[in-house]
>>> print(open('query_38.cif').read())   # mmCIF, C-alpha atoms
data_coords
loop_
_atom_site.group_PDB
_atom_site.id
_atom_site.type_symbol
_atom_site.label_atom_id
_atom_site.label_comp_id
_atom_site.auth_asym_id
_atom_site.auth_seq_id
_atom_site.Cartn_x
_atom_site.Cartn_y
_atom_site.Cartn_z
ATOM 1 C CA MET B 10 47.730 -28.062 -13.899
ATOM 2 C CA ILE B 11 50.584 -28.980 -11.542
ATOM 3 C CA ARG B 12 53.051 -27.686 -14.118
ATOM 4 C CA PHE B 13 51.226 -24.356 -14.102
ATOM 5 C CA PHE B 14 51.558 -24.053 -10.320
ATOM 6 C CA ILE B 15 55.284 -24.906 -10.476
ATOM 7 C CA LEU B 16 56.037 -22.360 -13.210
ATOM 8 C CA PHE B 17 53.892 -19.682 -11.603
ATOM 9 C CA GLY B 18 55.381 -20.481 -8.178
ATOM 10 C CA PHE B 19 58.970 -19.940 -9.352
ATOM 11 C CA SER B 20 58.010 -16.761 -11.184
ATOM 12 C CA PHE B 21 56.177 -15.388 -8.132
ATOM 13 C CA MET B 22 59.032 -16.394 -5.776
ATOM 14 C CA PHE B 23 61.653 -14.497 -7.802
ATOM 15 C CA PHE B 24 59.294 -11.530 -8.107
ATOM 16 C CA MET B 25 58.825 -11.401 -4.318
ATOM 17 C CA LEU B 26 62.589 -11.639 -3.731
ATOM 18 C CA HIS B 27 63.039 -8.561 -5.916
ATOM 19 C CA TYR B 28 60.050 -6.780 -4.370
ATOM 20 C CA THR B 29 61.280 -7.296 -0.785
ATOM 21 C CA GLY B 30 64.929 -6.665 -1.672
ATOM 22 C CA ASP B 31 66.023 -10.082 -0.380
ATOM 23 C CA ILE B 32 67.397 -11.036 -3.784
ATOM 24 C CA ASN B 33 70.713 -9.397 -2.828
ATOM 25 C CA LYS B 34 71.188 -12.095 -0.192
ATOM 26 C CA TYR B 35 71.468 -14.678 -2.966
ATOM 27 C CA ILE B 36 73.132 -13.050 -5.981
ATOM 28 C CA ASN B 37 75.454 -10.253 -7.002
ATOM 29 C CA MET B 38 73.044 -7.518 -8.105
ATOM 30 C CA LYS B 39 75.176 -7.006 -11.196
ATOM 31 C CA TYR B 40 73.412 -10.126 -12.482
ATOM 32 C CA ALA B 41 69.918 -9.153 -11.346
ATOM 33 C CA TYR B 42 68.799 -9.018 -14.978
ATOM 34 C CA LEU B 43 69.069 -12.817 -15.111
ATOM 35 C CA SER B 44 66.558 -13.343 -12.296
ATOM 36 C CA ILE B 45 64.284 -10.652 -13.780
ATOM 37 C CA SER B 46 64.422 -12.543 -17.079
ATOM 38 C CA ALA B 47 63.479 -15.712 -15.198
ATOM 39 C CA VAL B 48 60.421 -13.942 -13.740
ATOM 40 C CA VAL B 49 59.247 -12.912 -17.215
ATOM 41 C CA ILE B 50 60.000 -16.210 -18.979
ATOM 42 C CA MET B 51 58.459 -18.468 -16.321
ATOM 43 C CA GLY B 52 55.493 -16.122 -16.016
ATOM 44 C CA LEU B 53 54.839 -16.416 -19.765
ATOM 45 C CA LEU B 54 55.300 -20.191 -19.654
ATOM 46 C CA SER B 55 52.826 -20.465 -16.767
ATOM 47 C CA ILE B 56 50.252 -18.499 -18.793
ATOM 48 C CA PHE B 57 50.848 -20.760 -21.795
ATOM 49 C CA GLU B 58 50.441 -23.865 -19.619
ATOM 50 C CA PHE B 59 47.219 -22.506 -18.081
ATOM 51 C CA VAL B 60 45.749 -21.806 -21.540
ATOM 52 C CA ARG B 61 46.787 -25.248 -22.799
ATOM 53 C CA VAL B 62 45.210 -27.093 -19.867
ATOM 54 C CA SER B 63 42.067 -24.947 -20.063
ATOM 55 C CA ARG B 64 41.609 -25.829 -23.736
ATOM 56 C CA LEU B 65 42.029 -29.528 -22.992
ATOM 57 C CA GLN B 66 39.425 -29.316 -20.240
ATOM 58 C CA VAL B 67 36.978 -27.479 -22.513
ATOM 59 C CA ALA B 68 37.492 -30.072 -25.268
ATOM 60 C CA GLU B 69 36.889 -32.919 -22.791
ATOM 61 C CA GLU B 70 33.745 -31.265 -21.466
ATOM 62 C CA LYS B 71 32.412 -30.841 -25.013
ATOM 63 C CA LYS B 72 33.144 -34.490 -25.768
ATOM 64 C CA GLN B 73 31.347 -35.671 -22.626
ATOM 65 C CA ALA B 74 28.414 -33.406 -23.382
ATOM 66 C CA ALA B 75 28.167 -34.849 -26.912
ATOM 67 C CA VAL B 76 28.152 -38.419 -25.573
ATOM 68 C CA ALA B 77 25.519 -37.555 -22.987
ATOM 69 C CA LEU B 78 23.354 -35.862 -25.625
ATOM 70 C CA ALA B 79 23.650 -38.850 -27.937
ATOM 71 C CA ALA B 80 22.630 -41.185 -25.129
ATOM 72 C CA GLU B 81 19.595 -39.074 -24.327
ATOM 73 C CA ASN B 82 18.504 -39.127 -27.977
ATOM 74 C CA GLY B 83 18.848 -42.906 -28.200
ATOM 75 C CA ASP B 84 21.741 -42.659 -30.645
ATOM 76 C CA ASP B 85 23.832 -45.809 -30.250
ATOM 77 C CA ARG B 86 26.314 -44.881 -32.995
ATOM 78 C CA LEU B 87 29.067 -43.761 -30.620
ATOM 79 C CA GLN B 88 28.680 -46.861 -28.482
ATOM 80 C CA LEU B 89 28.753 -49.128 -31.562
ATOM 81 C CA GLU B 90 31.943 -47.438 -32.767
ATOM 82 C CA ARG B 91 33.580 -48.041 -29.384
ATOM 83 C CA ASN B 92 32.481 -51.703 -29.349
ATOM 84 C CA GLY B 93 33.856 -52.143 -32.860
ATOM 85 C CA GLN B 94 37.212 -50.688 -31.875
ATOM 86 C CA GLU B 95 37.447 -52.935 -28.805
ATOM 87 C CA GLN B 96 36.567 -56.024 -30.890
ATOM 88 C CA HIS B 97 39.237 -55.138 -33.459
ATOM 89 C CA ILE B 98 41.878 -54.801 -30.754
ATOM 90 C CA HIS B 99 40.730 -58.064 -29.168
ATOM 91 C CA LEU B 100 41.041 -60.023 -32.448
ATOM 92 C CA GLY B 101 44.442 -58.512 -33.179
ATOM 93 C CA HIS B 102 46.018 -60.020 -30.015
ATOM 94 C CA HIS B 103 47.392 -63.552 -29.695
ATOM 95 C CA HIS B 104 46.120 -65.102 -26.469
ATOM 96 C CA GLU B 105 47.175 -68.209 -24.613
ATOM 97 C CA PRO B 106 44.497 -70.814 -23.908
ATOM 98 C CA ASP B 107 44.112 -69.563 -20.343
ATOM 99 C CA HIS B 108 42.587 -66.192 -21.287
ATOM 100 C CA ASN B 109 41.651 -65.182 -17.747
ATOM 101 C CA HIS B 110 45.137 -65.853 -16.393
ATOM 102 C CA SER B 111 46.792 -63.847 -19.165
ATOM 103 C CA HIS B 112 44.384 -60.967 -18.734
ATOM 104 C CA GLU B 113 44.977 -60.823 -14.998
ATOM 105 C CA HIS B 114 48.747 -60.983 -15.497
ATOM 106 C CA ALA B 115 48.717 -58.158 -18.010
ATOM 107 C CA HIS B 116 46.427 -56.076 -15.849
ATOM 108 C CA GLY B 117 48.659 -56.529 -12.823
ATOM 109 C CA HIS B 118 51.780 -55.678 -14.854
ATOM 110 C CA ASP B 119 50.314 -52.417 -16.154
ATOM 111 C CA HIS B 120 49.071 -51.473 -12.700
ATOM 112 C CA SER B 121 52.550 -51.912 -11.215
ATOM 113 C CA HIS B 122 54.180 -49.729 -13.848
ATOM 114 C CA GLY B 123 51.444 -47.145 -13.400
ATOM 115 C CA ASN B 124 52.154 -46.889 -9.670
ATOM 116 C CA ASP B 125 55.913 -46.540 -10.294
ATOM 117 C CA THR B 126 55.315 -43.739 -12.775
ATOM 118 C CA LYS B 127 52.962 -41.901 -10.449
ATOM 119 C CA LEU B 128 55.432 -42.234 -7.565
ATOM 120 C CA LYS B 129 58.306 -40.848 -9.649
ATOM 121 C CA ARG B 130 56.174 -37.936 -10.796
ATOM 122 C CA PHE B 131 55.113 -37.227 -7.206
ATOM 123 C CA PHE B 132 58.708 -37.022 -5.956
ATOM 124 C CA GLY B 133 59.739 -35.018 -9.021
ATOM 125 C CA TYR B 134 57.039 -32.425 -8.363
ATOM 126 C CA LEU B 135 57.840 -32.449 -4.626
ATOM 127 C CA ILE B 136 61.501 -31.603 -5.322
ATOM 128 C CA LEU B 137 60.388 -28.652 -7.443
ATOM 129 C CA PHE B 138 57.915 -27.388 -4.852
ATOM 130 C CA VAL B 139 60.438 -27.384 -1.967
ATOM 131 C CA PRO B 140 62.513 -24.374 -3.155
ATOM 132 C CA ILE B 141 59.310 -22.462 -3.933
ATOM 133 C CA VAL B 142 57.903 -22.983 -0.435
ATOM 134 C CA THR B 143 61.217 -22.244 1.317
ATOM 135 C CA GLY B 144 61.869 -19.190 -0.856
ATOM 136 C CA LEU B 145 58.424 -17.717 -0.118
ATOM 137 C CA PHE B 146 57.925 -18.580 3.526
ATOM 138 C CA LEU B 147 61.346 -18.943 5.161
ATOM 139 C CA PRO B 148 63.086 -15.662 6.088
ATOM 140 C CA ALA B 149 66.352 -14.847 4.291
ATOM 141 C CA HIS B 150 68.971 -14.359 7.014
ATOM 142 C CA ALA B 151 72.198 -12.496 6.358
ATOM 143 C CA LEU B 152 75.426 -14.438 6.850
ATOM 144 C CA ASP B 153 77.325 -13.639 10.041
ATOM 145 C CA SER B 154 80.219 -14.883 12.176
ATOM 146 C CA SER B 155 78.447 -18.208 12.799
ATOM 147 C CA PHE B 156 79.234 -19.093 9.168
ATOM 148 C CA VAL B 157 82.931 -18.397 9.804
ATOM 149 C CA LYS B 158 82.844 -20.521 12.962
ATOM 150 C CA ALA B 159 81.185 -23.388 11.112
ATOM 151 C CA LYS B 160 83.475 -23.309 8.075
ATOM 152 C CA GLY B 161 86.681 -21.923 9.508
ATOM 153 C CA PHE B 162 88.894 -20.021 7.104
ATOM 154 C CA SER B 163 92.212 -20.455 5.408
ATOM 155 C CA PHE B 164 94.790 -18.229 3.797
ATOM 156 C CA PRO B 165 97.025 -19.803 1.125
ATOM 157 C CA SER B 166 100.526 -18.441 0.799
ATOM 158 C CA PHE B 167 101.089 -15.607 -1.664
ATOM 159 C CA GLN B 168 103.488 -17.822 -3.606
ATOM 160 C CA GLU B 169 101.590 -21.053 -3.157
ATOM 161 C CA ASN B 170 100.289 -22.491 -6.402
ATOM 162 C CA ILE B 171 97.109 -24.378 -5.576
ATOM 163 C CA GLU B 172 94.354 -25.838 -7.672
ATOM 164 C CA LYS B 173 91.480 -23.386 -7.497
ATOM 165 C CA ASN B 174 87.790 -24.210 -7.446
ATOM 166 C CA PRO B 175 85.528 -21.338 -8.646
ATOM 167 C CA GLY B 176 82.585 -22.811 -6.750
ATOM 168 C CA ALA B 177 84.343 -22.948 -3.381
ATOM 169 C CA HIS B 178 83.851 -20.415 -0.590
ATOM 170 C CA GLN B 179 86.786 -18.052 -0.223
ATOM 171 C CA PHE B 180 88.131 -16.667 3.041
ATOM 172 C CA LEU B 181 90.053 -13.538 4.028
ATOM 173 C CA LYS B 182 91.713 -12.896 0.654
ATOM 174 C CA PRO B 183 89.496 -12.261 -2.394
ATOM 175 C CA ASP B 184 90.707 -14.157 -5.433
ATOM 176 C CA SER B 185 88.986 -13.544 -8.756
ATOM 177 C CA SER B 186 91.809 -15.171 -10.743
ATOM 178 C CA VAL B 187 89.762 -18.368 -10.924
ATOM 179 C CA PHE B 188 87.385 -16.592 -13.293
ATOM 180 C CA TYR B 189 90.069 -15.375 -15.745
ATOM 181 C CA ARG B 190 92.707 -16.805 -17.989
ATOM 182 C CA LYS B 191 96.190 -16.112 -16.592
ATOM 183 C CA ASP B 192 97.087 -13.416 -19.137
ATOM 184 C CA ASP B 193 93.752 -11.660 -18.684
ATOM 185 C CA TYR B 194 94.034 -11.751 -14.901
ATOM 186 C CA ASP B 195 97.553 -10.278 -15.005
ATOM 187 C CA LYS B 196 96.124 -7.296 -16.907
ATOM 188 C CA VAL B 197 93.254 -6.906 -14.434
ATOM 189 C CA LYS B 198 95.630 -7.173 -11.474
ATOM 190 C CA SER B 199 97.972 -4.511 -12.859
ATOM 191 C CA LYS B 200 95.106 -2.148 -13.632
ATOM 192 C CA GLU B 201 93.570 -2.459 -10.162
ATOM 193 C CA LEU B 202 96.938 -2.141 -8.431
ATOM 194 C CA ALA B 203 97.535 1.185 -10.206
ATOM 195 C CA GLU B 204 94.034 2.341 -9.254
ATOM 196 C CA PHE B 205 94.572 1.865 -5.499
ATOM 197 C CA ALA B 206 98.346 2.152 -5.036
ATOM 198 C CA ASN B 207 98.354 5.706 -6.421
ATOM 199 C CA ARG B 208 95.983 6.920 -3.722
ATOM 200 C CA PRO B 209 97.625 8.719 -0.762
ATOM 201 C CA ALA B 210 95.156 6.926 1.540
ATOM 202 C CA VAL B 211 92.942 3.949 0.675
ATOM 203 C CA THR B 212 89.420 4.072 2.090
ATOM 204 C CA LEU B 213 87.423 1.125 0.797
ATOM 205 C CA THR B 214 83.714 1.633 0.123
ATOM 206 C CA ASP B 215 81.004 -0.950 -0.473
ATOM 207 C CA ALA B 216 81.477 -0.480 -4.225
ATOM 208 C CA ASP B 217 85.232 -1.198 -4.313
ATOM 209 C CA TYR B 218 85.773 -3.263 -1.159
ATOM 210 C CA LEU B 219 86.469 -6.600 -2.880
ATOM 211 C CA LYS B 220 88.522 -5.058 -5.658
ATOM 212 C CA GLY B 221 90.608 -2.986 -3.235
ATOM 213 C CA MET B 222 91.129 -5.811 -0.750
ATOM 214 C CA GLU B 223 92.289 -8.105 -3.553
ATOM 215 C CA ALA B 224 94.745 -5.469 -4.797
ATOM 216 C CA ILE B 225 96.189 -5.094 -1.273
ATOM 217 C CA TYR B 226 96.666 -8.831 -0.814
ATOM 218 C CA ASN B 227 98.102 -9.310 -4.312
ATOM 219 C CA SER B 228 100.740 -6.576 -3.800
ATOM 220 C CA PRO B 229 101.034 -5.841 -0.058
ATOM 221 C CA ASP B 230 104.470 -4.206 -0.440
ATOM 222 C CA ALA B 231 102.867 -1.373 -2.408
ATOM 223 C CA PHE B 232 100.611 -0.528 0.560
ATOM 224 C CA ILE B 233 102.906 -1.028 3.562
ATOM 225 C CA GLY B 234 102.880 2.160 5.655
ATOM 226 C CA LYS B 235 99.833 3.582 3.892
ATOM 227 C CA THR B 236 96.632 4.520 5.711
ATOM 228 C CA ILE B 237 93.840 2.094 4.923
ATOM 229 C CA GLY B 238 90.246 2.271 6.152
ATOM 230 C CA PHE B 239 87.166 0.083 5.761
ATOM 231 C CA ASP B 240 83.971 -1.112 7.483
ATOM 232 C CA GLY B 241 83.254 -4.622 8.694
ATOM 233 C CA PHE B 242 82.099 -6.883 11.499
ATOM 234 C CA ALA B 243 84.401 -8.176 14.203
ATOM 235 C CA TYR B 244 85.337 -11.817 14.561
ATOM 236 C CA LYS B 245 87.555 -12.919 17.421
ATOM 237 C CA GLY B 246 87.280 -16.645 17.116
ATOM 238 C CA GLN B 247 89.588 -19.000 18.960
ATOM 239 C CA GLN B 248 92.724 -18.379 16.935
ATOM 240 C CA VAL B 249 93.333 -14.718 17.765
ATOM 241 C CA ASP B 250 94.800 -13.514 21.062
ATOM 242 C CA GLY B 251 95.366 -10.150 22.690
ATOM 243 C CA ASN B 252 94.122 -7.028 20.966
ATOM 244 C CA HIS B 253 93.689 -8.558 17.529
ATOM 245 C CA TYR B 254 90.359 -9.042 15.769
ATOM 246 C CA PHE B 255 89.524 -9.998 12.234
ATOM 247 C CA ILE B 256 87.319 -7.384 10.536
ATOM 248 C CA PHE B 257 85.285 -9.018 7.780
ATOM 249 C CA ARG B 258 82.703 -8.406 5.081
ATOM 250 C CA PHE B 259 80.785 -11.144 3.307
ATOM 251 C CA GLY B 260 81.166 -10.738 -0.433
ATOM 252 C CA PHE B 261 79.664 -12.236 -3.580
ATOM 253 C CA ILE B 262 81.597 -12.721 -6.782
ATOM 254 C CA HIS B 263 78.543 -13.999 -8.673
ATOM 255 C CA CYS B 264 76.137 -15.527 -6.165
ATOM 256 C CA VAL B 265 75.937 -17.112 -2.710
ATOM 257 C CA ALA B 266 77.529 -20.300 -4.090
ATOM 258 C CA ASP B 267 80.891 -18.550 -4.506
ATOM 259 C CA SER B 268 80.506 -16.176 -1.561
ATOM 260 C CA GLY B 269 83.267 -15.679 0.953
ATOM 261 C CA VAL B 270 84.229 -13.716 4.038
ATOM 262 C CA PHE B 271 86.896 -11.126 3.209
ATOM 263 C CA GLY B 272 88.881 -8.729 5.353
ATOM 264 C CA MET B 273 91.998 -8.328 7.419
ATOM 265 C CA LEU B 274 93.550 -9.025 10.789
ATOM 266 C CA VAL B 275 93.431 -5.772 12.758
ATOM 267 C CA GLU B 276 95.489 -4.789 15.814
ATOM 268 C CA PHE B 277 93.466 -2.572 18.179
ATOM 269 C CA PRO B 278 94.637 -0.535 21.174
ATOM 270 C CA LYS B 279 95.112 -2.408 24.439
ATOM 271 C CA ASN B 280 92.045 -3.463 26.404
ATOM 272 C CA THR B 281 89.744 -3.114 23.389
ATOM 273 C CA GLN B 282 86.671 -5.248 23.938
ATOM 274 C CA MET B 283 84.295 -6.230 21.136
ATOM 275 C CA ASN B 284 81.869 -9.038 20.458
ATOM 276 C CA ASP B 285 81.606 -11.116 17.321
ATOM 277 C CA ASP B 286 79.359 -9.392 14.734
ATOM 278 C CA ASP B 287 79.939 -5.890 16.189
ATOM 279 C CA TRP B 288 80.237 -3.509 13.239
ATOM 280 C CA VAL B 289 83.093 -1.004 13.226
ATOM 281 C CA HIS B 290 84.948 1.387 10.955
ATOM 282 C CA VAL B 291 88.706 1.002 11.227
ATOM 283 C CA SER B 292 91.551 3.118 9.894
ATOM 284 C CA GLY B 293 95.271 2.601 10.345
ATOM 285 C CA LYS B 294 98.652 1.747 8.858
ATOM 286 C CA LEU B 295 99.303 -1.500 7.023
ATOM 287 C CA THR B 296 102.071 -3.645 8.527
ATOM 288 C CA TRP B 297 103.235 -7.275 8.530
ATOM 289 C CA GLU B 298 102.919 -9.876 11.287
ATOM 290 C CA PHE B 299 103.653 -13.566 11.572
ATOM 291 C CA TYR B 300 100.352 -15.331 12.214
ATOM 292 C CA GLN B 301 100.961 -18.711 13.845
ATOM 293 C CA PRO B 302 97.718 -20.519 12.819
ATOM 294 C CA PHE B 303 98.591 -19.867 9.164
ATOM 295 C CA LYS B 304 102.327 -20.328 9.792
ATOM 296 C CA GLN B 305 103.180 -17.350 7.626
ATOM 297 C CA THR B 306 103.492 -13.574 7.605
ATOM 298 C CA ILE B 307 100.321 -11.744 6.612
ATOM 299 C CA PRO B 308 99.244 -8.097 6.215
ATOM 300 C CA VAL B 309 97.874 -6.609 9.462
ATOM 301 C CA LEU B 310 96.211 -3.232 9.954
ATOM 302 C CA LYS B 311 97.534 -1.383 13.004
ATOM 303 C CA VAL B 312 94.598 0.813 14.061
ATOM 304 C CA THR B 313 95.041 4.527 14.604
ATOM 305 C CA ASP B 314 91.319 5.308 14.658
ATOM 306 C CA TRP B 315 88.188 3.243 14.980
ATOM 307 C CA HIS B 316 84.545 3.583 16.055
ATOM 308 C CA ALA B 317 81.397 1.492 16.205
ATOM 309 C CA ILE B 318 78.863 1.797 13.380
ATOM 310 C CA ASP B 319 75.352 0.538 12.728
ATOM 311 C CA THR B 320 74.867 -2.653 10.746
ATOM 312 C CA PRO B 321 74.536 -1.611 7.086
ATOM 313 C CA LYS B 322 71.201 -2.049 5.362
ATOM 314 C CA ASP B 323 73.018 -4.320 2.934
ATOM 315 C CA PRO B 324 75.803 -6.087 4.853
ATOM 316 C CA TYR B 325 77.235 -7.687 1.716
ATOM 317 C CA VAL B 326 79.724 -6.368 -0.812
ATOM 318 C CA TYR B 327 79.873 -7.378 -4.458
ATOM 319 C CA ARG B 328 82.435 -7.693 -7.199
ATOM 320 C CA THR B 329 81.089 -5.235 -9.755
ATOM 321 C CA THR B 330 83.912 -5.279 -12.331
#
>>> encode(input="query_38.cif", output="structure tokens")
Amino acid sequence: MIRFFILFGFSFMFFMLHYTGDINKYINMKYAYLSISAVVIMGLLSIFEFVRVSRLQVAEEKKQAAVALAAENGDDRLQLERNGQEQHIHLGHHHEPDHNHSHEHAHGHDHSHGNDTKLKRFFGYLILFVPIVTGLFLPAHALDSSFVKAKGFSFPSFQENIEKNPGAHQFLKPDSSVFYRKDDYDKVKSKELAEFANRPAVTLTDADYLKGMEAIYNSPDAFIGKTIGFDGFAYKGQQVDGNHYFIFRFGFIHCVADSGVFGMLVEFPKNTQMNDDDWVHVSGKLTWEFYQPFKQTIPVLKVTDWHAIDTPKDPYVYRTT
């Protein structure tokens, strides 16, 4: 019956994540069909397990009822059959002269293995129950600047050839090349560059934020001097001085495992004061600046217009193509 509760628990947990809308804090909704499939499959398996266990219980109850009825009627046939089976097993074994010692040793050996097996099963079931309990009862918090503070962020050089890890968190610059072969990614990069570079002004929406930001970082020369606008939360940190703030969005390529914080260093007018996690819309001209912590020149947005906005209902952006 424990297996039933585990299967039903996972199915119910995924169902509740979809029902409450919190599923988008864990996966790119482009792949929501996978979690919906998990709800259906584990739900069916839990029903199958419940039926199987119920049948076993009914069969055991019928067997016990038959034994009890036979005992009441004075029918010793079942008991004689059991005694005969035990005697056959007893004669089939080779025993040492000290029968009691051997019996006690064997009994103790079986008992030890039985405890080990039960302990392993207990911890195995416990490991499976933990994500169910946390998924159902712990609130799903959106990522914020505290994640950036804890992890820090890096920005590899445009020309730097580094070994990429698809499972690693990315920072500042989206990089989907880790999910393509080189030839395929070159085609994707060229297509997306043409899509954004031909616009007179580039205003990134939730739907194309990651794609547009990646195109800008891959070919910054094509966007220098153009007006670019986007929404995000402010992050000052300890590395930025003066009127500069990073404006970020957390984005998912596939799921939270490969999530990252993506955006741009933004130069605001003098005496601009903001707090970490303040949401703003910024618009301005793309320029270059040498950023000392990275020891390289990076794209910087020089603001011509900005204003505070409310935190979006869904603060995340997703790679949809």
>>> resolve_selection(input="query_38.cif", expression="the PyMOL selection byres ((chain B and resi 12) around 10)", output="list in words")
Met10, Ile11, Phe13, Phe14, Ile15, Leu16, Phe17, Gly18, Leu54, Ser55, Glu58, Phe59, Val62, Tyr134 and Leu137 of chain B
>>> atom_distance(input="query_38.cif", atom1="atom CA of Ala203 of chain B", atom2="atom CA of Lys220 of chain B")
11.9 Å
>>> atom_distance(input="query_38.cif", atom1="atom CA of Thr296 of chain B", atom2="atom CA of Ile233 of chain B")
5.7 Å
>>> residues_around(input="query_38.cif", residues="Phe239 of chain B", least_positions_apart="5", cutoff="8 Å", atoms="all atoms listed in the file", output="PDB file with C-alpha atoms, in the coordinates of the input")
ATOM      1  CA  THR B 212      89.420   4.072   2.090  1.00  0.00           C
ATOM      2  CA  LEU B 213      87.423   1.125   0.797  1.00  0.00           C
ATOM      3  CA  THR B 214      83.714   1.633   0.123  1.00  0.00           C
ATOM      4  CA  TYR B 218      85.773  -3.263  -1.159  1.00  0.00           C
ATOM      5  CA  HIS B 290      84.948   1.387  10.955  1.00  0.00           C
ATOM      6  CA  VAL B 291      88.706   1.002  11.227  1.00  0.00           C
ATOM      7  CA  SER B 292      91.551   3.118   9.894  1.00  0.00           C
TER       8      SER B 292
END
>>> closest_residue(input="query_38.cif", among="B:Ala224, B:Leu145, B:Leu274, B:Leu26", to="Lys245 of chain B", atoms="all atoms listed in the file")
B:Leu274
>>> resolve_selection(input="query_38.cif", expression="the PyMOL selection byres ((chain B and resi 243) around 6)", output="ChimeraX atom specification")
/B:242,244,255-256,285-287
>>> residues_around(input="query_38.cif", residues="Val289 of chain B", least_positions_apart="3", cutoff="7 Å", atoms="only C-alpha atoms", output="list in words")
Asp240, Gly241, Phe242, Trp315, His316, Ala317 and Ile318 of chain B
>>> resolve_selection(input="query_38.cif", expression="the PyMOL selection byres ((chain B and resi 295) around 7)", output="PDB file with C-alpha atoms, in the coordinates of the input")
ATOM      1  CA  PHE B 232     100.611  -0.528   0.560  1.00  0.00           C
ATOM      2  CA  ILE B 233     102.906  -1.028   3.562  1.00  0.00           C
ATOM      3  CA  GLY B 234     102.880   2.160   5.655  1.00  0.00           C
ATOM      4  CA  LYS B 235      99.833   3.582   3.892  1.00  0.00           C
ATOM      5  CA  THR B 236      96.632   4.520   5.711  1.00  0.00           C
ATOM      6  CA  ILE B 237      93.840   2.094   4.923  1.00  0.00           C
ATOM      7  CA  GLY B 293      95.271   2.601  10.345  1.00  0.00           C
ATOM      8  CA  LYS B 294      98.652   1.747   8.858  1.00  0.00           C
ATOM      9  CA  THR B 296     102.071  -3.645   8.527  1.00  0.00           C
ATOM     10  CA  PRO B 308      99.244  -8.097   6.215  1.00  0.00           C
ATOM     11  CA  VAL B 309      97.874  -6.609   9.462  1.00  0.00           C
ATOM     12  CA  LEU B 310      96.211  -3.232   9.954  1.00  0.00           C
ATOM     13  CA  LYS B 311      97.534  -1.383  13.004  1.00  0.00           C
TER      14      LYS B 311
END
>>> atom_distance(input="query_38.cif", atom1="atom CA of Pro209 of chain B", atom2="atom CA of Val312 of chain B")
17.1 Å
>>> closest_residue(input="query_38.cif", among="B:Leu147, B:Ala41, B:Ala68, B:Ile262", to="Phe24 of chain B", atoms="only C-alpha atoms")
B:Ala41
>>> closest_residue(input="query_38.cif", among="B:Leu78, B:Phe23, B:Ala47, B:Ile307", to="Tyr35 of chain B", atoms="all atoms listed in the file")
B:Phe23
>>> build_atoms(input="query_38.cif", residues="segment 248-261 of chain B", atoms="N, CA and C atoms", output="CSV table (one decimal), keeping the file's coordinate frame")
chain,number,residue,atom,x,y,z
B,248,GLN,N,91.3,-18.4,17.4
B,248,GLN,CA,92.7,-18.4,16.9
B,248,GLN,C,93.5,-17.1,17.2
B,249,VAL,N,92.7,-16.0,17.6
B,249,VAL,CA,93.3,-14.7,17.8
B,249,VAL,C,93.4,-14.4,19.2
B,250,ASP,N,94.6,-13.9,19.7
B,250,ASP,CA,94.8,-13.5,21.1
B,250,ASP,C,95.0,-12.0,21.2
B,251,GLY,N,95.0,-11.5,22.4
B,251,GLY,CA,95.4,-10.2,22.7
B,251,GLY,C,94.4,-9.2,22.1
B,252,ASN,N,94.9,-8.1,21.5
B,252,ASN,CA,94.1,-7.0,21.0
B,252,ASN,C,93.8,-7.2,19.5
B,253,HIS,N,93.9,-8.3,19.0
B,253,HIS,CA,93.7,-8.6,17.5
B,253,HIS,C,92.3,-9.1,17.3
B,254,TYR,N,91.7,-8.6,16.3
B,254,TYR,CA,90.4,-9.0,15.8
B,254,TYR,C,90.4,-9.1,14.2
B,255,PHE,N,89.7,-10.1,13.7
B,255,PHE,CA,89.5,-10.0,12.2
B,255,PHE,C,88.3,-9.1,12.0
B,256,ILE,N,88.4,-8.2,11.0
B,256,ILE,CA,87.3,-7.4,10.5
B,256,ILE,C,86.9,-7.8,9.1
B,257,PHE,N,85.7,-8.3,9.0
B,257,PHE,CA,85.3,-9.0,7.8
B,257,PHE,C,84.1,-8.3,7.1
B,258,ARG,N,83.9,-8.6,5.8
B,258,ARG,CA,82.7,-8.4,5.1
B,258,ARG,C,82.4,-9.7,4.3
B,259,PHE,N,81.2,-10.1,4.2
B,259,PHE,CA,80.8,-11.1,3.3
B,259,PHE,C,80.6,-10.6,1.9
B,260,GLY,N,81.2,-11.2,0.9
B,260,GLY,CA,81.2,-10.7,-0.4
B,260,GLY,C,80.7,-11.8,-1.4
B,261,PHE,N,80.1,-11.4,-2.5
B,261,PHE,CA,79.7,-12.2,-3.6
B,261,PHE,C,80.5,-11.9,-4.8
